[in-house]
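Participant: Just one file: entry30.cif, with mmCIF, C-alpha atoms and all ligand atoms.
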data_work
loop_
_atom_site.label_atom_id
_atom_site.label_comp_id
_atom_site.auth_asym_id
_atom_site.auth_seq_id
_atom_site.Cartn_x
_atom_site.Cartn_y
_atom_site.Cartn_z
CA MET J 1 120.32 120.78 124.05
CA MET J 2 121.14 117.38 122.54
CA GLU J 3 120.83 117.30 118.73
CA GLN J 4 117.45 115.64 118.35
CA ASN J 5 117.92 113.48 115.28
CA LEU J 6 121.54 112.51 115.75
CA GLU J 7 120.55 108.86 115.65
CA LEU J 8 118.98 109.13 112.24
CA VAL J 9 122.07 110.47 110.48
CA ASP J 10 123.78 108.02 108.13
CA ARG J 11 127.47 107.61 107.19
CA PHE J 12 127.12 110.26 104.52
CA GLY J 13 125.72 112.88 106.89
CA ARG J 14 122.17 112.58 105.58
CA LYS J 15 119.54 113.32 108.22
CA HIS J 16 116.49 111.10 107.98
CA ASN J 17 113.45 112.94 109.25
CA TYR J 18 110.87 111.57 106.82
CA LEU J 19 109.26 108.17 107.40
CA ARG J 20 106.99 106.57 104.83
CA ILE J 21 104.72 103.90 106.24
CA SER J 22 102.93 101.42 104.02
CA LEU J 23 99.60 100.51 105.60
CA THR J 24 98.76 97.61 103.32
CA GLU J 25 99.89 95.59 100.31
CA ARG J 26 96.31 95.55 99.03
CA CYS J 27 95.06 97.98 96.40
CA ASN J 28 91.78 98.71 94.65
CA LEU J 29 93.66 99.38 91.38
CA ARG J 30 96.00 97.09 89.44
CA CYS J 31 98.44 99.56 87.85
CA THR J 32 100.63 97.63 85.46
CA TYR J 33 103.87 99.42 86.48
CA CYS J 34 103.25 98.80 90.17
CA MET J 35 101.61 95.40 90.64
CA PRO J 36 102.73 92.20 88.89
CA PRO J 37 100.06 90.84 86.48
CA GLU J 38 99.42 87.81 88.70
CA GLY J 39 98.81 90.13 91.69
CA VAL J 40 100.66 89.73 94.98
CA GLU J 41 100.14 86.91 97.39
CA LEU J 42 98.97 88.30 100.69
CA GLY J 43 100.19 86.74 103.91
CA PRO J 44 98.04 85.95 106.94
CA LYS J 45 96.66 89.01 108.75
CA SER J 46 99.04 88.41 111.66
CA GLN J 47 101.97 89.13 109.35
CA TYR J 48 101.01 92.80 109.08
CA MET J 49 101.27 95.63 111.58
CA THR J 50 98.19 96.39 113.65
CA ALA J 51 97.11 99.98 114.25
CA ASP J 52 98.68 99.86 117.72
CA GLU J 53 101.98 98.52 116.37
CA ILE J 54 102.07 101.23 113.71
CA LEU J 55 101.64 103.84 116.43
CA LYS J 56 104.37 102.30 118.61
CA ILE J 57 106.89 102.13 115.77
CA ALA J 58 106.00 105.60 114.50
CA SER J 59 106.35 107.03 118.02
CA GLU J 60 109.86 105.62 118.29
CA PHE J 61 110.83 107.27 115.00
CA VAL J 62 109.36 110.58 116.12
CA ALA J 63 111.35 110.34 119.36
CA MET J 64 114.44 109.82 117.19
CA GLY J 65 113.80 112.95 115.14
CA VAL J 66 111.27 112.11 112.41
CA THR J 67 109.17 115.19 111.66
CA LYS J 68 107.11 113.97 108.70
CA ILE J 69 105.21 110.73 108.14
CA ARG J 70 103.58 109.75 104.85
CA LEU J 71 101.02 106.95 104.75
CA THR J 72 101.08 104.94 101.59
CA GLY J 73 100.62 101.39 100.33
CA GLY J 74 99.10 99.54 98.40
CA GLU J 75 96.16 101.85 98.83
CA PRO J 76 96.24 103.21 102.39
CA LEU J 77 92.61 104.37 102.41
CA ILE J 78 91.20 100.87 101.96
CA ARG J 79 92.45 99.72 105.35
CA LYS J 80 89.36 99.25 107.54
CA ASP J 81 91.08 100.90 110.51
CA PHE J 82 92.51 103.78 108.47
CA GLU J 83 90.67 106.40 110.53
CA LYS J 84 91.92 104.91 113.79
CA ILE J 85 95.50 104.89 112.49
CA LEU J 86 95.32 108.46 111.23
CA ARG J 87 93.77 109.73 114.46
CA SER J 88 96.44 108.07 116.56
CA LEU J 89 99.31 109.40 114.44
CA ALA J 90 97.75 112.88 114.52
CA ASN J 91 98.55 112.94 118.24
CA LEU J 92 102.26 112.74 117.48
CA ASN J 93 104.17 115.93 116.92
CA VAL J 94 104.63 115.30 113.22
CA GLU J 95 103.48 116.49 109.77
CA LEU J 96 101.16 113.89 108.25
CA ALA J 97 100.89 113.26 104.52
CA ILE J 98 99.13 110.65 102.41
CA THR J 99 99.66 109.11 98.98
CA SER J 100 96.47 107.70 97.47
CA ASN J 101 94.88 106.77 94.17
CA ALA J 102 91.88 108.96 95.14
CA VAL J 103 89.27 106.29 94.37
CA ILE J 104 87.60 106.57 97.80
CA LEU J 105 89.11 109.88 98.87
CA ASP J 106 85.74 111.61 99.37
CA LYS J 107 85.02 109.28 102.28
CA TYR J 108 87.78 111.00 104.27
CA LEU J 109 87.23 114.67 103.38
CA GLU J 110 85.86 115.64 106.79
CA LEU J 111 88.47 113.61 108.67
CA PHE J 112 91.34 115.24 106.78
CA LYS J 113 89.84 118.68 107.39
CA GLU J 114 89.39 117.93 111.09
CA LEU J 115 92.95 116.65 111.52
CA GLY J 116 94.53 119.26 109.24
CA VAL J 117 95.96 116.69 106.82
CA GLU J 118 96.57 118.86 103.76
CA ASN J 119 99.47 117.21 102.05
CA LEU J 120 97.97 114.76 99.55
CA ASN J 121 99.78 113.10 96.65
CA LEU J 122 97.27 111.57 94.26
CA SER J 123 98.07 109.21 91.42
CA LEU J 124 96.65 109.81 87.96
CA ASP J 125 98.49 108.59 84.88
CA SER J 126 96.07 109.66 82.20
CA LEU J 127 93.43 112.29 81.59
CA ASP J 128 91.76 109.90 79.17
CA GLN J 129 89.16 107.52 80.57
CA GLU J 130 90.06 104.59 78.33
CA LYS J 131 93.78 104.89 78.98
CA PHE J 132 93.14 105.19 82.70
CA GLY J 133 91.26 101.89 82.48
CA ASN J 134 94.10 100.27 80.53
CA ILE J 135 96.80 101.21 82.99
CA THR J 136 94.86 100.67 86.23
CA ARG J 137 92.87 97.67 84.94
CA ARG J 138 89.89 99.23 86.73
CA ASN J 139 87.13 101.62 85.74
CA TYR J 140 87.27 104.36 88.37
CA PHE J 141 88.22 107.32 86.18
CA ASP J 142 85.11 109.42 86.90
CA LYS J 143 85.40 108.79 90.62
CA VAL J 144 89.05 109.84 90.71
CA MET J 145 88.44 112.98 88.63
CA SER J 146 85.48 114.07 90.73
CA ASN J 147 87.41 113.47 93.95
CA ILE J 148 90.33 115.56 92.68
CA GLN J 149 87.92 118.39 91.85
CA LEU J 150 86.19 118.04 95.24
CA PHE J 151 89.45 118.36 97.14
CA LEU J 152 90.59 121.28 94.98
CA ASP J 153 87.30 123.05 95.67
CA GLU J 154 87.88 122.45 99.37
CA GLY J 155 91.25 124.19 99.12
CA PHE J 156 93.59 121.21 99.50
CA LYS J 157 97.07 121.52 97.99
CA LEU J 158 97.21 118.51 95.69
CA LYS J 159 100.14 116.89 93.98
CA ILE J 160 99.25 114.62 91.07
CA ASN J 161 101.70 111.79 90.34
CA ALA J 162 101.78 110.63 86.72
CA VAL J 163 104.13 107.80 85.78
CA LEU J 164 105.09 108.20 82.13
CA ILE J 165 105.40 105.17 79.88
CA LYS J 166 106.74 105.42 76.33
CA GLY J 167 104.11 105.00 73.65
CA PHE J 168 101.36 105.13 76.23
CA ASN J 169 101.07 108.54 77.82
CA GLU J 170 104.00 110.77 76.89
CA ASN J 171 101.59 112.46 74.50
CA GLU J 172 99.73 113.61 77.60
CA ILE J 173 102.60 115.69 78.96
CA VAL J 174 101.22 118.85 77.35
CA PRO J 175 97.56 118.12 78.28
CA PHE J 176 98.69 117.56 81.88
CA ILE J 177 100.60 120.85 81.86
CA GLU J 178 97.57 122.57 80.33
CA TRP J 179 95.53 121.16 83.22
CA THR J 180 97.58 123.43 85.51
CA LYS J 181 96.47 126.53 83.59
CA ASP J 182 93.34 127.14 85.64
CA LYS J 183 93.79 124.64 88.45
CA ASP J 184 96.02 125.25 91.43
CA LEU J 185 97.56 121.81 91.47
CA HIS J 186 101.03 120.42 91.05
CA VAL J 187 101.53 117.69 88.43
CA ARG J 188 104.62 115.52 88.86
CA PHE J 189 105.84 113.43 85.94
CA ILE J 190 107.65 110.37 87.28
CA GLU J 191 110.24 108.39 85.37
CA PHE J 192 109.09 104.76 85.24
CA MET J 193 111.28 102.82 87.72
CA PRO J 194 112.21 99.13 87.72
CA PHE J 195 110.78 96.84 90.40
CA ASP J 196 110.14 93.15 90.68
CA GLY J 197 107.40 91.98 88.32
CA ASN J 198 106.75 95.25 86.47
CA SER J 199 108.30 94.31 83.08
CA TRP J 200 110.44 97.42 83.13
CA ASN J 201 112.90 98.18 80.42
CA MET J 202 114.75 101.33 79.51
CA ASP J 203 112.82 101.74 76.25
CA LYS J 204 109.56 102.13 78.15
CA MET J 205 110.87 104.98 80.28
CA VAL J 206 110.32 108.63 79.38
CA SER J 207 113.34 110.51 80.70
CA LEU J 208 113.68 113.95 82.25
CA GLN J 209 115.42 115.08 79.05
CA GLU J 210 112.57 113.80 76.86
CA ILE J 211 109.99 115.47 79.10
CA LYS J 212 111.91 118.75 78.81
CA ASP J 213 112.21 118.34 75.03
CA ILE J 214 108.46 117.81 74.65
CA THR J 215 107.73 120.75 76.95
CA PHE J 216 110.07 123.10 75.07
CA GLN J 217 108.69 121.99 71.70
CA HIS J 218 105.30 123.21 72.83
CA TYR J 219 106.08 126.24 75.01
CA SER J 220 108.59 128.97 74.21
CA GLU J 221 111.58 128.92 76.54
CA ASP J 222 110.77 132.26 78.18
CA LYS J 223 107.33 130.92 79.23
CA VAL J 224 108.74 127.90 81.11
CA VAL J 225 109.86 129.13 84.52
CA ARG J 226 112.25 126.89 86.47
CA LEU J 227 111.18 127.19 90.13
CA ILE J 228 113.44 126.91 93.15
CA ASP J 229 113.24 123.37 94.56
CA LYS J 230 112.78 122.90 98.29
CA PRO J 231 115.55 121.16 100.26
CA ASN J 232 115.14 117.36 99.99
CA ASP J 233 112.74 117.84 97.07
CA THR J 234 112.80 114.84 94.75
CA ALA J 235 111.35 116.89 91.90
CA LYS J 236 112.60 119.52 89.50
CA ASN J 237 109.86 122.13 89.52
CA TYR J 238 108.45 124.36 86.79
CA ARG J 239 105.58 126.71 86.06
CA ILE J 240 104.27 127.97 82.75
CA GLU J 241 104.16 131.71 83.12
CA GLY J 242 100.69 132.88 84.08
CA TYR J 243 99.41 129.40 84.95
CA LYS J 244 97.83 128.82 88.34
CA GLY J 245 99.41 125.43 88.95
CA THR J 246 102.91 124.02 88.55
CA PHE J 247 104.55 120.85 87.29
CA ALA J 248 107.68 118.86 87.99
CA VAL J 249 109.75 115.88 86.97
CA ILE J 250 110.91 113.14 89.34
CA SER J 251 113.92 111.64 87.62
CA SER J 252 114.93 108.74 89.86
CA VAL J 253 116.36 106.81 86.92
CA THR J 254 118.35 109.34 84.91
CA ASN J 255 119.08 111.89 87.65
CA PRO J 256 118.89 110.34 91.09
CA PHE J 257 118.66 112.66 94.09
CA CYS J 258 120.27 110.40 96.69
CA ASP J 259 122.56 113.13 98.06
CA SER J 260 119.62 114.86 99.68
CA CYS J 261 117.72 111.71 100.64
CA ASN J 262 115.97 112.07 104.00
CA ARG J 263 113.60 109.07 103.66
CA ILE J 264 113.20 105.75 105.34
CA ARG J 265 110.44 103.27 104.66
CA LEU J 266 108.44 100.89 106.76
CA THR J 267 106.60 98.13 104.91
CA SER J 268 103.15 97.00 106.02
CA ASP J 269 104.69 93.84 107.49
CA GLY J 270 106.95 95.96 109.67
CA LYS J 271 110.26 95.76 107.79
CA LEU J 272 112.50 98.80 107.58
CA LYS J 273 114.03 99.67 104.21
CA ASN J 274 116.62 102.42 104.03
CA CYS J 275 116.15 102.83 100.28
CA LEU J 276 113.37 102.15 97.78
CA PHE J 277 115.84 99.92 95.95
CA SER J 278 117.35 98.03 98.89
CA SER J 279 116.61 94.33 99.12
CA GLY J 280 118.01 94.32 102.66
CA GLU J 281 115.35 94.87 105.31
CA SER J 282 115.27 94.98 109.11
CA ASP J 283 112.39 93.25 110.85
CA LEU J 284 111.24 95.89 113.34
CA LEU J 285 107.90 94.19 113.89
CA ALA J 286 109.49 90.93 115.07
CA VAL J 287 111.63 92.82 117.60
CA LEU J 288 108.67 94.88 118.78
CA ARG J 289 106.57 91.74 119.23
CA LYS J 290 109.30 90.21 121.38
CA GLY J 291 108.93 93.24 123.62
CA ASP J 292 112.43 94.56 122.87
CA SER J 293 113.46 98.07 121.90
CA ILE J 294 113.59 98.66 118.14
CA ARG J 295 115.97 101.61 118.42
CA ASP J 296 119.24 99.72 117.92
CA LEU J 297 117.92 97.92 114.87
CA ILE J 298 116.78 101.22 113.35
CA CYS J 299 120.27 102.69 113.87
CA GLU J 300 121.92 99.56 112.49
CA ASN J 301 119.73 99.66 109.41
CA LEU J 302 120.49 103.29 108.75
CA ALA J 303 124.21 102.76 109.29
CA SER J 304 124.17 100.28 106.41
CA LYS J 305 122.53 102.72 103.97
CA LEU J 306 124.57 103.05 100.78
CA LYS J 307 125.32 106.29 99.01
CA VAL J 308 123.36 105.84 95.80
CA ARG J 309 120.24 103.69 95.10
CA SER J 310 121.32 100.94 97.44
CA GLY J 311 124.57 100.31 95.60
CA LYS J 312 123.27 100.60 92.04
CA ASN J 313 125.68 103.42 91.41
CA THR J 314 125.68 103.67 87.64
CA LEU J 315 122.80 103.78 85.21
CA GLU J 316 124.08 100.45 83.89
CA ASP J 317 123.82 98.82 87.33
CA PHE J 318 120.45 100.35 87.97
CA THR J 319 118.95 99.24 84.69
CA ASN J 320 120.07 95.64 85.17
CA THR J 321 116.66 94.16 85.96
CA GLU J 322 118.24 91.11 87.63
CA TRP J 323 119.05 93.35 90.62
CA HIS J 324 115.45 94.29 91.11
CA LYS J 325 114.23 90.68 91.31
CA THR J 326 115.72 90.54 94.81
CA ASN J 327 113.59 93.54 95.83
CA ARG J 328 109.81 93.64 96.32
CA SER J 329 107.26 94.84 93.79
CA MET J 330 106.36 98.50 94.37
CA VAL J 331 102.89 97.67 95.69
CA ARG J 332 104.56 95.65 98.49
CA ILE J 333 107.15 98.31 99.33
CA GLY J 334 104.89 101.34 99.50
CA GLY J 335 105.63 104.09 97.02
N1 LIG D 1 97.93 103.55 96.06
C1 LIG D 1 98.56 104.80 96.25
C2 LIG D 1 98.71 105.54 94.95
O1 LIG D 1 98.25 105.04 93.93
O2 LIG D 1 99.22 106.66 94.95
C3 LIG D 1 99.89 104.74 96.98
C4 LIG D 1 100.86 103.68 96.59
S1 LIG D 1 101.63 103.88 95.01
C5 LIG D 1 102.76 102.54 95.06
C6 LIG D 1 102.63 105.32 95.26
C7 LIG D 1 103.21 105.95 94.04
O3 LIG D 1 104.17 105.10 93.48
C8 LIG D 1 102.22 106.25 92.97
O4 LIG D 1 102.24 107.62 92.66
C9 LIG D 1 102.68 105.44 91.80
O5 LIG D 1 102.45 106.08 90.60
C10 LIG D 1 104.16 105.31 92.09
N2 LIG D 1 104.76 104.15 91.41
C11 LIG D 1 104.41 102.85 91.52
N3 LIG D 1 105.18 102.06 90.73
C12 LIG D 1 106.05 102.88 90.12
C13 LIG D 1 107.09 102.69 89.17
N4 LIG D 1 107.39 101.49 88.71
N5 LIG D 1 107.79 103.77 88.75
C14 LIG D 1 107.50 105.00 89.21
N6 LIG D 1 106.52 105.26 90.10
C15 LIG D 1 105.80 104.22 90.55
#
In structure tokens, how does this file's structure come out?
Facilitator:
Amino acid sequence: MMEQNLELVDRFGRKHNYLRISLTERCNLRCTYCMPPEGVELGPKSQYMTADEILKIASEFVAMGVTKIRLTGGEPLIRKDFEKILRSLANLNVELAITSNAVILDKYLELFKELGVENLNLSLDSLDQEKFGNITRRNYFDKVMSNIQLFLDEGFKLKINAVLIKGFNENEIVPFIEWTKDKDLHVRFIEFMPFDGNSWNMDKMVSLQEIKDITFQHYSEDKVVRLIDKPNDTAKNYRIEGYKGTFAVISSVTNPFCDSCNRIRLTSDGKLKNCLFSSGESDLLAVLRKGDSIRDLICENLASKLKVRSGKNTLEDFTNTEWHKTNRSMVRIGG
């Protein structure tokens, strides 16, 4: 039989079977590390993919070997036709996953149960109500916490994404780990990454090493169990012995994991990005709207994928914020 995903292999032999689709650039939160303070200017509705176009593009990727699709944004759940999109993608032979801020998650509990969507990554940067308000510039802490509890009670396997920012929430590393004592959830500490308009600088980032130092200051070494990471896992995984849940660090800045990258990204306006940090994009939506096949453009885009962080090979390159001004803000890429 023909190798199914031959077309989605890049020059470095990396197989791309994981597509992340941003459904919208809009969000009901205003996280400071994600959205520029002035917000993002939205284009006319016609600029963005319709539900039918999302299905057509996703179907092409599945035919080329994609086995997992994550819906993200902006906040994917605030799209009015979210249910329609999810139902249509559920007909493809693919694992579906969602990244959300959990503010209106309860609205979709029954739908997720019906469609068997179990893989949810939820963002929560602080366990403190006031800090949550400071970072998100919105007051939805209680809603998010009750939705997390609701989905845990319903047996969902939740991953919690916490972006760490120096002087703001690194003192919550231990409280977050303690949260996993009695709750079967997986907390992932994310190194703060540079994007357009997010005022990033190296001093604000809490590194993998610092996270480990803080963890080992609090827990004795024999209690911190290093777990075996799954293939293509972006995280280094741990469990405190005897705790129900687990935690991890995603170290995109100090320890990139490009060698095992299997991801490609589709922005809500239908542009393909072969790396979170690539400013080059391929306009799949324009080709689709002309009625042409998007397959060649997908292959071309993947063939141009660079080995490490879209050419920012060293930490020095990567931390040069000038580079990132040519890329989009995170809210417009889709995390
Ligand atoms: N609205 C959804 C949410 O809040 O999860 C999905 C979109 S959000 C862009 C996806 C993920 O990207 C979130 O977990 C967020 O914390 C992460 N993220 C955004 N900006 C980031 C940055 N500068 N560094 C690291 N992670 C970031």
Participant: Residues at most 12 Å from segment 202-206 of chain J, counting all atoms listed in the file, excluding those fewer than 5 positions away in the same chain, as number ranges by chain?
Facilitator: J: 33, 162-173, 189-194, 211-214, 249-254, 315-316, 318-321
Participant: At most 8 Å is the cut-off: for each residue in chain J with any atom that close to an atom of ligand LIG 1 (chain D), write down the nearest atom pair and the distance in Å rounded to one decimal, counting only C-alpha atoms and all ligand atoms, chain first then increasing number, as CSV.
Facilitator:
residue,atom,partner,partner_atom,distance
J:Cys27,CA,D:LIG1,N1,6.3
J:Asn28,CA,D:LIG1,N1,8.0
J:Leu29,CA,D:LIG1,N1,7.6
J:Cys31,CA,D:LIG1,C11,7.7
J:Tyr33,CA,D:LIG1,N4,4.7
J:Cys34,CA,D:LIG1,N3,3.8
J:Met35,CA,D:LIG1,N3,7.6
J:Thr72,CA,D:LIG1,C3,4.8
J:Gly73,CA,D:LIG1,C4,4.4
J:Gly74,CA,D:LIG1,N1,4.8
J:Glu75,CA,D:LIG1,N1,3.7
J:Pro76,CA,D:LIG1,N1,6.6
J:Thr99,CA,D:LIG1,O2,4.7
J:Ser100,CA,D:LIG1,C1,3.8
J:Asn101,CA,D:LIG1,O1,3.8
J:Ala102,CA,D:LIG1,O1,7.6
J:Asn121,CA,D:LIG1,O2,6.7
J:Leu122,CA,D:LIG1,O2,5.3
J:Ser123,CA,D:LIG1,O2,4.5
J:Leu124,CA,D:LIG1,O5,7.4
J:Asp125,CA,D:LIG1,O5,7.4
J:Ile160,CA,D:LIG1,O4,7.8
J:Asn161,CA,D:LIG1,O4,4.8
J:Ala162,CA,D:LIG1,O5,6.0
J:Val163,CA,D:LIG1,O5,5.4
J:Ile190,CA,D:LIG1,C14,5.7
J:Glu191,CA,D:LIG1,C14,5.8
J:Phe192,CA,D:LIG1,N5,3.9
J:Met193,CA,D:LIG1,N5,3.8
J:Pro194,CA,D:LIG1,N4,5.5
J:Phe195,CA,D:LIG1,N4,6.0
J:Asn198,CA,D:LIG1,N4,6.7
J:Trp200,CA,D:LIG1,N4,7.6
J:Met330,CA,D:LIG1,N3,5.2
J:Val331,CA,D:LIG1,C5,4.9
J:Arg332,CA,D:LIG1,C5,7.9
J:Ile333,CA,D:LIG1,C5,7.4
J:Gly334,CA,D:LIG1,C5,5.1
J:Gly335,CA,D:LIG1,C6,3.7
Participant: Between atom CA of Lys45 of chain J and atom CA of Asp269 of chain J, what is the distance, to one decimal in Å?
Facilitator: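 So the answer is 9.5 Å.
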Participant: Under the rule that only C-alpha atoms are counted, which of J:Asn139, J:Ser199, J:Ser59, J:Ser220 is the nearest residue to Lys325 of chain J?
Facilitator: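 Residue with the minimum atom-to-atom distance to Lys325 of chain J: J:Ser199.
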Participant: Pick out the closest residue to His324 of chain J from this set: J:Glu210, J:Glu241, J:Asp184, J:Asp196. Count all atoms listed in the file.
Facilitator: J:Asp196
Participant: Nearest to Gln217 of chain J: which of J:Phe156, J:Asn93, J:Val174, J:Thr67 is it, counting only C-alpha atoms?
Facilitator: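 Checking each candidate against Gln217 of chain J, we get J:Val174 as the closest.
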Participant: When you look at Arg138 of chain J with a cut-off of 10 Å (counting all atoms listed in the file), what residues show up, excluding the ones that are within fewer than 3 positions of it in the same chain? I need them as a ChimeraX atom specification.
Facilitator: /J:28-31,130,132-135,141
Participant: One number please: atom CA of Thr24 of chain J to atom CA of Cys258 of chain J, in Å, one decimal.
Facilitator: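 Straight-line distance from atom CA of Thr24 of chain J to atom CA of Cys258 of chain J works out to 25.9 Å.
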Participant: Can you measure atom CA of Ser46 of chain J to atom CA of Lys80 of chain J for me? One decimal in Å is fine.
Facilitator: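 Interatomic distance here is 15.1 Å.
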Participant: Considering only C-alpha atoms, can you say which of J:Leu266, J:Val308, J:Met145, J:Leu185 comes closest to Ala58 of chain J?
Facilitator: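 Using only C-alpha atoms, the shortest distance to Ala58 of chain J belongs to J:Leu266.
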Participant: Measuring atom to atom with all atoms listed in the file, identify which of J:Glu221, J:Glu38, J:Glu60, J:Asp233 is nearest to Asp296 of chain J.
Facilitator: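 The shortest atom-to-atom distance to Asp296 of chain J comes from J:Glu60.
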